[in-house]
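The block underneath contains the structure these notes are about, expressed in C-alpha cells.
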Amino acid sequence: MDEFKDLRIVDNFYQTSAFFPMPTIEISTLAEDGSTTIGSYSLCFPYYIAGKDYYAMLLECRNSSNTAQNILRTGKCALNFPEDSKKLFKEAVRLGFPGETSKEKMEKCPYNLIKGMASEDDGARPLVMSEAYQVFECTWDDSLENAFEDKAKIGQLEGVEPPYRSFNGITSKFGCHFILKVDKILMKERYYNAIVNGVKASSFPRVPVDYGYRDSTNFWYTKFKRPIACKIPAGKEADLNGVLYAANRMDPDIKFSEDACKTLVKVPRVFLKLVLQGCVDWAKENNCTLITPVEMQIINDKRKQEKKR
Ligand SMILES: Cc1cc2nc3c(=O)[nH]c(=O)nc-3n(C[C@H](O)[C@H](O)[C@H](O)COP(=O)(O)O)c2cc1C
C-alpha cells in the first residue's frame, strides 16, 4: 500500500480531509419581516429520487444560520443555481460569510429577485434569483422524524442541547438537516429546450463546481468546462433474443413483434422490464394485442409528450 497515505478524518472531512466536488447553491428563505434573504450552500443533494410520493433534496447546515432558522419557522425555501461567473461566485462567498444580519447582507446584494411559480396556498414563499439557470422551490417535510417539534428550538443560536434527530431537523448542537420536498423546478428556456429535446455539449448551462473552504483563507471553485459525452458500453445492451424472450412473457394477451423488440435493444437490462410494462399498460388501455414498431412509435411519442409536460 505505497500508493496511499492514511489521512486523519476530522470535522468537516469533505473539505478538510478530502477533495469533494460540490454544487454552489444560493438558498433564498423568508426573514421574519417577510423579506427574502440569501445564504450560500454546497451540501445540498438529491435525496428521494424515485419510488416515493414526492421528490426531495437534502440540505446540511449550521442550525443557527438565517437559512436554518427561516426554514424551521416557515418551511419554505428556493434553491437557486447560479451559472459560473467569477462575479457571481464572489457574491456567493460574501453571502456565505457568517456574522451579518439578513438586512445587512441583502442591502448589498446585487441579485435580481423575482416571484417564483410554486403555489403559496400553504404559506408565502421567498423570491427567486432571476440570474439562476434553474431554481428548485421547496417545502421542508417536517413530518419525518416529528421534526416539526424542533420549531420550539427556534432562536437557540448558541448551540442546541440534546436530544437530537437522526436525519431531519436539528441533528447536533450546531447542525441540522432538512429534507426538502421539491415543489417546482424552474428552468431557463434555453436549458428547458435542451432537456426536452435532447442535450448537446453546447447546450449545458455553465455549472461551477466548488471544493469548499480551505486553509481558513479561501473558498475554491473551478470554472465550467464543456462537458464530454461518453457512450454507454455496447456489450451492456440487451440483445434481441433477450428482449424477445422478456417481452413475450410479460402478459399472456399481449405480444411484441420482432421489429418492435429491435427498438428496445439499447435499453439497459435493469430498465427493460419497466419499459416493457409501460408498453403492456398502453396496449391494454388501447385494446391492442400486438405491439409493432407503429405502436412503439405511438408509445414513445406519448412518453415524450409526458416528459414535456
Ligand atoms: C460556496 C459556499 C458554500 C457553503 N456551503 C455550506 C453548507 O453546505 N452548509 C453550511 O452550513 N454552510 C455552508 N456555507 C457557509 C454558509 O453560507 C454560512 O454559514 C452563511 O453564514 C449562511 O448564511 P445565512 O446565515 O444567511 O443562511 C457555505 C458558504 C459558501 C461560500
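Labels for the C-alpha cells follow display order: chains A, B, ..., residues from 1 in each chain, ligands from 1.
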
Test item: residues lying within 9 Å of ligand 1 with only C-alpha atoms and all ligand atoms, as a PyMOL selection string: chain A and resi 22-29+37-44+59-70+89-102+105+175-176+210-213+219-221

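Residue nearest Glu137 (chain A), chosen from A:Lys76, A:Lys225, A:His177, A:Lys231 and counting only C-alpha atoms: A:Lys76.
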
Between A:Asn80, A:Lys86, A:Thr74, A:Ser203, which residue has the minimum interatomic distance to Phe148 (chain A), considering only C-alpha atoms?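 Using only C-alpha atoms, the shortest distance to Phe148 (chain A) belongs to A:Thr74.
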
Got a sec: who's within 8 Å of Ile179 (chain A), counting only C-alpha atoms, leaving out chain neighbours fewer than 6 positions off, as a list in words? Tyr47, Ala56, Met57, Leu58, Leu59, Trp140, Asp141, Asp142 and Asn168 of chain A

Can you work out which one of A:Asp6, A:Asp251, A:Glu189, A:Glu107 has the shortest atom-to-atom distance to Ala283 (chain A), counting only C-alpha atoms?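 With only C-alpha atoms as the atom set, the closest residue is A:Asp251.
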
Just how far from CA of Tyr14 (chain A) is CA of Ile170 (chain A), in Å to one decimal?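 These two atoms are separated by 20.2 Å.
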
Which of region 62-258 of chain A end up as strand (DSSP E or B) when DSSP is run on this backbone - answer as a ChimeraX atom specification? /A:62,76-82,113-114,128-129,132-140,169-170,175-187,209-214,218-222,237,251,254-256

What would the file look like if the residues just selected were written as a short mmCIF file (atom, residue, chain, number, x, y, z; two decimals), in the first residue's frame with N, CA and C atoms?
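Wrote it out as again.cif, contents follow:
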data_model
loop_
_atom_site.label_atom_id
_atom_site.label_comp_id
_atom_site.auth_asym_id
_atom_site.auth_seq_id
_atom_site.Cartn_x
_atom_site.Cartn_y
_atom_site.Cartn_z
N ARG A 62 -25.68 24.74 9.28
CA ARG A 62 -25.50 25.21 10.66
C ARG A 62 -26.89 25.60 11.18
N LYS A 76 -40.35 27.03 4.04
CA LYS A 76 -40.19 27.28 2.60
C LYS A 76 -38.77 27.75 2.25
N CYS A 77 -38.30 27.34 1.08
CA CYS A 77 -37.03 27.88 0.58
C CYS A 77 -36.98 27.66 -0.92
N ALA A 78 -36.05 28.35 -1.57
CA ALA A 78 -35.81 28.12 -3.00
C ALA A 78 -34.32 27.91 -3.19
N LEU A 79 -33.96 26.87 -3.95
CA LEU A 79 -32.55 26.59 -4.24
C LEU A 79 -32.24 27.19 -5.60
N ASN A 80 -31.45 28.27 -5.60
CA ASN A 80 -31.12 28.99 -6.83
C ASN A 80 -29.73 28.57 -7.28
N PHE A 81 -29.60 28.10 -8.51
CA PHE A 81 -28.30 27.62 -9.02
C PHE A 81 -27.70 28.70 -9.92
N PRO A 82 -26.66 29.43 -9.45
CA PRO A 82 -26.04 30.45 -10.30
C PRO A 82 -25.12 29.81 -11.35
N LEU A 113 -34.26 39.78 -7.70
CA LEU A 113 -35.15 38.77 -7.10
C LEU A 113 -36.56 38.92 -7.65
N ILE A 114 -37.13 37.79 -8.07
CA ILE A 114 -38.47 37.82 -8.68
C ILE A 114 -39.35 36.73 -8.04
N VAL A 128 -37.14 34.35 -5.94
CA VAL A 128 -36.08 33.53 -6.54
C VAL A 128 -35.16 34.44 -7.36
N MET A 129 -33.96 33.91 -7.67
CA MET A 129 -32.93 34.72 -8.35
C MET A 129 -33.11 34.64 -9.86
N ALA A 132 -30.33 32.83 -11.92
CA ALA A 132 -30.09 31.38 -11.81
C ALA A 132 -30.43 30.68 -13.12
N TYR A 133 -29.72 29.59 -13.43
CA TYR A 133 -30.12 28.82 -14.62
C TYR A 133 -31.26 27.88 -14.29
N GLN A 134 -31.37 27.48 -13.01
CA GLN A 134 -32.52 26.69 -12.57
C GLN A 134 -32.78 27.00 -11.11
N VAL A 135 -34.03 26.79 -10.71
CA VAL A 135 -34.42 27.02 -9.32
C VAL A 135 -35.31 25.87 -8.88
N PHE A 136 -35.03 25.32 -7.67
CA PHE A 136 -35.95 24.34 -7.09
C PHE A 136 -36.70 25.07 -5.97
N GLU A 137 -38.03 25.17 -6.10
CA GLU A 137 -38.81 25.74 -4.99
C GLU A 137 -39.24 24.58 -4.09
N CYS A 138 -38.96 24.70 -2.80
CA CYS A 138 -39.09 23.55 -1.90
C CYS A 138 -39.88 23.84 -0.64
N THR A 139 -40.39 22.74 -0.05
CA THR A 139 -41.04 22.81 1.27
C THR A 139 -40.39 21.76 2.15
N TRP A 140 -39.99 22.15 3.34
CA TRP A 140 -39.40 21.20 4.29
C TRP A 140 -40.45 20.18 4.72
N GLY A 169 -34.26 17.76 10.75
CA GLY A 169 -34.44 18.70 11.87
C GLY A 169 -33.08 18.96 12.51
N ILE A 170 -33.10 19.30 13.80
CA ILE A 170 -31.83 19.61 14.48
C ILE A 170 -31.13 18.30 14.85
N GLY A 175 -25.68 21.63 14.30
CA GLY A 175 -26.04 21.23 12.93
C GLY A 175 -27.50 20.92 12.74
N CYS A 176 -27.93 20.95 11.51
CA CYS A 176 -29.25 20.43 11.19
C CYS A 176 -29.30 19.93 9.75
N HIS A 177 -30.31 19.10 9.50
CA HIS A 177 -30.54 18.53 8.18
C HIS A 177 -31.99 18.82 7.81
N PHE A 178 -32.21 19.15 6.55
CA PHE A 178 -33.59 19.37 6.11
C PHE A 178 -33.87 18.50 4.90
N ILE A 179 -34.95 17.73 4.96
CA ILE A 179 -35.40 17.01 3.77
C ILE A 179 -36.44 17.91 3.11
N LEU A 180 -36.09 18.35 1.91
CA LEU A 180 -36.86 19.41 1.24
C LEU A 180 -37.63 18.83 0.06
N LYS A 181 -38.94 18.85 0.16
CA LYS A 181 -39.78 18.37 -0.95
C LYS A 181 -39.65 19.35 -2.11
N VAL A 182 -39.38 18.83 -3.29
CA VAL A 182 -39.24 19.72 -4.46
C VAL A 182 -40.64 19.98 -5.03
N ASP A 183 -41.12 21.22 -4.86
CA ASP A 183 -42.48 21.56 -5.33
C ASP A 183 -42.46 21.94 -6.81
N LYS A 184 -41.45 22.66 -7.24
CA LYS A 184 -41.37 23.11 -8.64
C LYS A 184 -39.91 23.19 -9.04
N ILE A 185 -39.63 22.84 -10.29
CA ILE A 185 -38.31 23.13 -10.86
C ILE A 185 -38.51 24.16 -11.95
N LEU A 186 -37.90 25.32 -11.78
CA LEU A 186 -37.98 26.38 -12.79
C LEU A 186 -36.70 26.31 -13.61
N MET A 187 -36.84 26.33 -14.92
CA MET A 187 -35.67 26.18 -15.80
C MET A 187 -35.68 27.29 -16.84
N VAL A 209 -18.17 24.15 -10.13
CA VAL A 209 -18.00 23.10 -9.12
C VAL A 209 -17.15 23.69 -8.00
N ASP A 210 -17.63 23.59 -6.75
CA ASP A 210 -16.76 24.14 -5.69
C ASP A 210 -16.21 23.07 -4.78
N TYR A 211 -15.08 23.41 -4.14
CA TYR A 211 -14.35 22.47 -3.29
C TYR A 211 -14.30 22.96 -1.84
N GLY A 212 -15.16 23.97 -1.55
CA GLY A 212 -15.28 24.40 -0.16
C GLY A 212 -14.18 25.33 0.32
N TYR A 213 -14.23 25.49 1.62
CA TYR A 213 -13.40 26.44 2.34
C TYR A 213 -12.13 25.70 2.77
N ARG A 214 -10.96 26.24 2.43
CA ARG A 214 -9.71 25.53 2.73
C ARG A 214 -8.69 26.46 3.37
N ASN A 218 -9.43 30.67 1.90
CA ASN A 218 -10.10 30.81 0.61
C ASN A 218 -11.21 29.79 0.41
N PHE A 219 -12.16 30.20 -0.40
CA PHE A 219 -13.11 29.26 -0.98
C PHE A 219 -12.59 28.91 -2.36
N TRP A 220 -12.63 27.65 -2.74
CA TRP A 220 -12.09 27.24 -4.04
C TRP A 220 -13.20 26.77 -4.95
N TYR A 221 -13.09 27.14 -6.21
CA TYR A 221 -14.03 26.59 -7.19
C TYR A 221 -13.36 26.49 -8.54
N THR A 222 -13.94 25.62 -9.41
CA THR A 222 -13.38 25.51 -10.76
C THR A 222 -14.39 26.04 -11.77
N GLU A 237 -25.81 -3.62 -23.74
CA GLU A 237 -27.14 -3.52 -24.31
C GLU A 237 -27.81 -4.89 -24.25
N ASP A 251 -47.10 -10.54 -20.61
CA ASP A 251 -48.55 -10.66 -20.43
C ASP A 251 -49.08 -11.66 -21.46
N ILE A 254 -50.73 -10.08 -24.67
CA ILE A 254 -50.07 -9.04 -25.49
C ILE A 254 -48.74 -9.53 -26.03
N LYS A 255 -48.61 -9.44 -27.36
CA LYS A 255 -47.37 -9.92 -28.00
C LYS A 255 -46.61 -8.73 -28.58
N PHE A 256 -45.30 -8.92 -28.68
CA PHE A 256 -44.43 -7.91 -29.29
C PHE A 256 -43.86 -8.51 -30.58
#

With only C-alpha atoms as the basis for distance, which of A:Lys302, A:Lys308, A:Arg125, A:Arg226 is at the shortest distance from Ser35 (chain A)? A:Arg125

Which value, in Å to one decimal, gives the distance between CA of Ala260 (chain A) and CA of Thr292 (chain A)?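 Taking CA of Ala260 (chain A) and CA of Thr292 (chain A), their separation equals 4.8 Å.
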
Which residues of region 114-212 of chain A come within 10 Å of region 304-307 of chain A, and what is each one's closest atom pair and distance in Å (one decimal), counting only C-alpha atoms, sorted by chain and residue number, as CSV?
residue,atom,partner,partner_atom,distance
A:Ile195,CA,A:Lys307,CA,9.3
A:Val196,CA,A:Lys307,CA,7.0
A:Asn197,CA,A:Lys304,CA,9.0

Could you dump the residues just selected with N, CA and C atoms as a PDB file, in the first residue's frame?
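Generated file (selection.pdb):
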ATOM      1  N   ILE A 195     -33.261  20.009 -22.280  1.00  0.00           N
ATOM      2  CA  ILE A 195     -33.693  18.794 -21.564  1.00  0.00           C
ATOM      3  C   ILE A 195     -34.801  18.089 -22.336  1.00  0.00           C
ATOM      4  N   VAL A 196     -35.745  18.870 -22.849  1.00  0.00           N
ATOM      5  CA  VAL A 196     -36.887  18.255 -23.527  1.00  0.00           C
ATOM      6  C   VAL A 196     -36.493  17.696 -24.897  1.00  0.00           C
ATOM      7  N   ASN A 197     -35.643  18.414 -25.630  1.00  0.00           N
ATOM      8  CA  ASN A 197     -35.316  17.974 -26.999  1.00  0.00           C
ATOM      9  C   ASN A 197     -34.025  17.159 -27.090  1.00  0.00           C
TER      10      ASN A 197
END

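Taking region 48-107 of chain A and asking which residues DSSP calls alpha helix (DSSP H) on the backbone, you get Asn66, Thr67, Ala68, Gln69, Asn70, Ile71, Leu72, Arg73, Thr74, Lys86, Lys87, Leu88, Phe89, Lys90, Glu91, Ala92, Val93, Arg94, Leu95, Ser102, Lys103, Glu104, Lys105, Met106 and Glu107 of chain A.
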
Could you turn the residues from that selection into a file that holds N, CA and C atoms, as a short mmCIF file (atom, residue, chain, number, x, y, z; two decimals), in the first residue's frame?
data_model
loop_
_atom_site.label_atom_id
_atom_site.label_comp_id
_atom_site.auth_asym_id
_atom_site.auth_seq_id
_atom_site.Cartn_x
_atom_site.Cartn_y
_atom_site.Cartn_z
N ASN A 66 -29.21 31.96 9.28
CA ASN A 66 -30.52 32.56 8.93
C ASN A 66 -31.36 31.56 8.18
N THR A 67 -30.68 30.85 7.25
CA THR A 67 -31.40 29.90 6.40
C THR A 67 -32.09 28.83 7.25
N ALA A 68 -31.34 28.23 8.18
CA ALA A 68 -31.91 27.16 9.01
C ALA A 68 -33.07 27.69 9.86
N GLN A 69 -32.83 28.84 10.48
CA GLN A 69 -33.88 29.42 11.35
C GLN A 69 -35.15 29.70 10.54
N ASN A 70 -34.96 30.22 9.32
CA ASN A 70 -36.12 30.56 8.49
C ASN A 70 -36.85 29.31 8.00
N ILE A 71 -36.08 28.26 7.68
CA ILE A 71 -36.75 27.02 7.23
C ILE A 71 -37.51 26.39 8.40
N LEU A 72 -36.88 26.40 9.59
CA LEU A 72 -37.57 25.85 10.77
C LEU A 72 -38.90 26.59 10.98
N ARG A 73 -38.86 27.93 10.77
CA ARG A 73 -40.06 28.74 11.05
C ARG A 73 -41.11 28.66 9.96
N THR A 74 -40.69 28.75 8.67
CA THR A 74 -41.69 28.88 7.59
C THR A 74 -41.80 27.62 6.73
N LYS A 86 -17.10 34.61 -12.18
CA LYS A 86 -16.29 34.96 -11.01
C LYS A 86 -17.06 35.96 -10.14
N LYS A 87 -17.81 36.85 -10.81
CA LYS A 87 -18.57 37.87 -10.08
C LYS A 87 -19.63 37.20 -9.19
N LEU A 88 -20.36 36.22 -9.79
CA LEU A 88 -21.41 35.55 -9.01
C LEU A 88 -20.79 34.72 -7.88
N PHE A 89 -19.62 34.08 -8.14
CA PHE A 89 -19.02 33.26 -7.09
C PHE A 89 -18.51 34.15 -5.95
N LYS A 90 -17.98 35.32 -6.31
CA LYS A 90 -17.53 36.26 -5.26
C LYS A 90 -18.70 36.66 -4.38
N GLU A 91 -19.85 36.87 -5.02
CA GLU A 91 -21.05 37.24 -4.25
C GLU A 91 -21.48 36.06 -3.39
N ALA A 92 -21.36 34.83 -3.94
CA ALA A 92 -21.73 33.64 -3.15
C ALA A 92 -20.84 33.56 -1.91
N VAL A 93 -19.56 33.88 -2.06
CA VAL A 93 -18.64 33.81 -0.91
C VAL A 93 -19.02 34.90 0.12
N ARG A 94 -19.40 36.07 -0.37
CA ARG A 94 -19.83 37.13 0.56
C ARG A 94 -21.09 36.69 1.32
N LEU A 95 -22.05 36.11 0.58
CA LEU A 95 -23.30 35.68 1.23
C LEU A 95 -23.09 34.43 2.09
N SER A 102 -29.50 39.45 8.13
CA SER A 102 -30.08 39.33 6.78
C SER A 102 -30.18 40.70 6.14
N LYS A 103 -30.60 41.69 6.94
CA LYS A 103 -30.82 43.04 6.38
C LYS A 103 -29.50 43.59 5.83
N GLU A 104 -28.43 43.45 6.63
CA GLU A 104 -27.11 43.95 6.19
C GLU A 104 -26.65 43.25 4.92
N LYS A 105 -26.82 41.92 4.91
CA LYS A 105 -26.39 41.14 3.75
C LYS A 105 -27.13 41.56 2.49
N MET A 106 -28.44 41.68 2.62
CA MET A 106 -29.27 41.86 1.43
C MET A 106 -29.22 43.29 0.89
N GLU A 107 -28.84 44.25 1.75
CA GLU A 107 -28.73 45.63 1.27
C GLU A 107 -27.71 45.74 0.15
#

One number please: CA of Lys188 (chain A) to CA of Ala31 (chain A), in Å, one decimal. 26.4 Å

Taking only C-alpha atoms into account, name the residue in A:Asp84, A:Pro268, A:Asp253, A:Pro162 that is nearest to Pro233 (chain A). A:Pro268

Excluding Ala194 (chain A) and its own-chain neighbours fewer than 6 positions away, which residues fall within 10 Å of it when counting only C-alpha atoms? Please give them as number ranges by chain. A: 200-205

Just want the 12 Å neighbourhood of Asn286 (chain A), counted on only C-alpha atoms, with same-chain residues fewer than 4 positions away dropped. Output as a list in words.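 The neighbour list is Ile254, Cys279, Val280, Asp281, Trp282, Leu290, Ile291, Glu295, Ile298 and Ile299 of chain A.
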
Could you save those same residues with C-alpha atoms as a PDB file, in the first residue's frame?
ATOM      1  CA  ILE A 254     -50.069  -9.040 -25.486  1.00  0.00           C
ATOM      2  CA  CYS A 279     -45.838  -0.798 -23.326  1.00  0.00           C
ATOM      3  CA  VAL A 280     -48.135  -3.511 -21.940  1.00  0.00           C
ATOM      4  CA  ASP A 281     -50.106  -0.934 -19.904  1.00  0.00           C
ATOM      5  CA  TRP A 282     -50.520   1.225 -23.017  1.00  0.00           C
ATOM      6  CA  LEU A 290     -49.794  -6.983 -30.920  1.00  0.00           C
ATOM      7  CA  ILE A 291     -47.160  -4.286 -30.445  1.00  0.00           C
ATOM      8  CA  GLU A 295     -47.331   1.111 -31.676  1.00  0.00           C
ATOM      9  CA  ILE A 298     -47.022   5.977 -30.542  1.00  0.00           C
ATOM     10  CA  ILE A 299     -45.863   4.894 -27.059  1.00  0.00           C
TER      11      ILE A 299
END

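Proximity ranking of A:Ala152, A:Val270, A:Met1, A:Leu144 relative to Arg165 (chain A) places A:Leu144 first, based on only C-alpha atoms.
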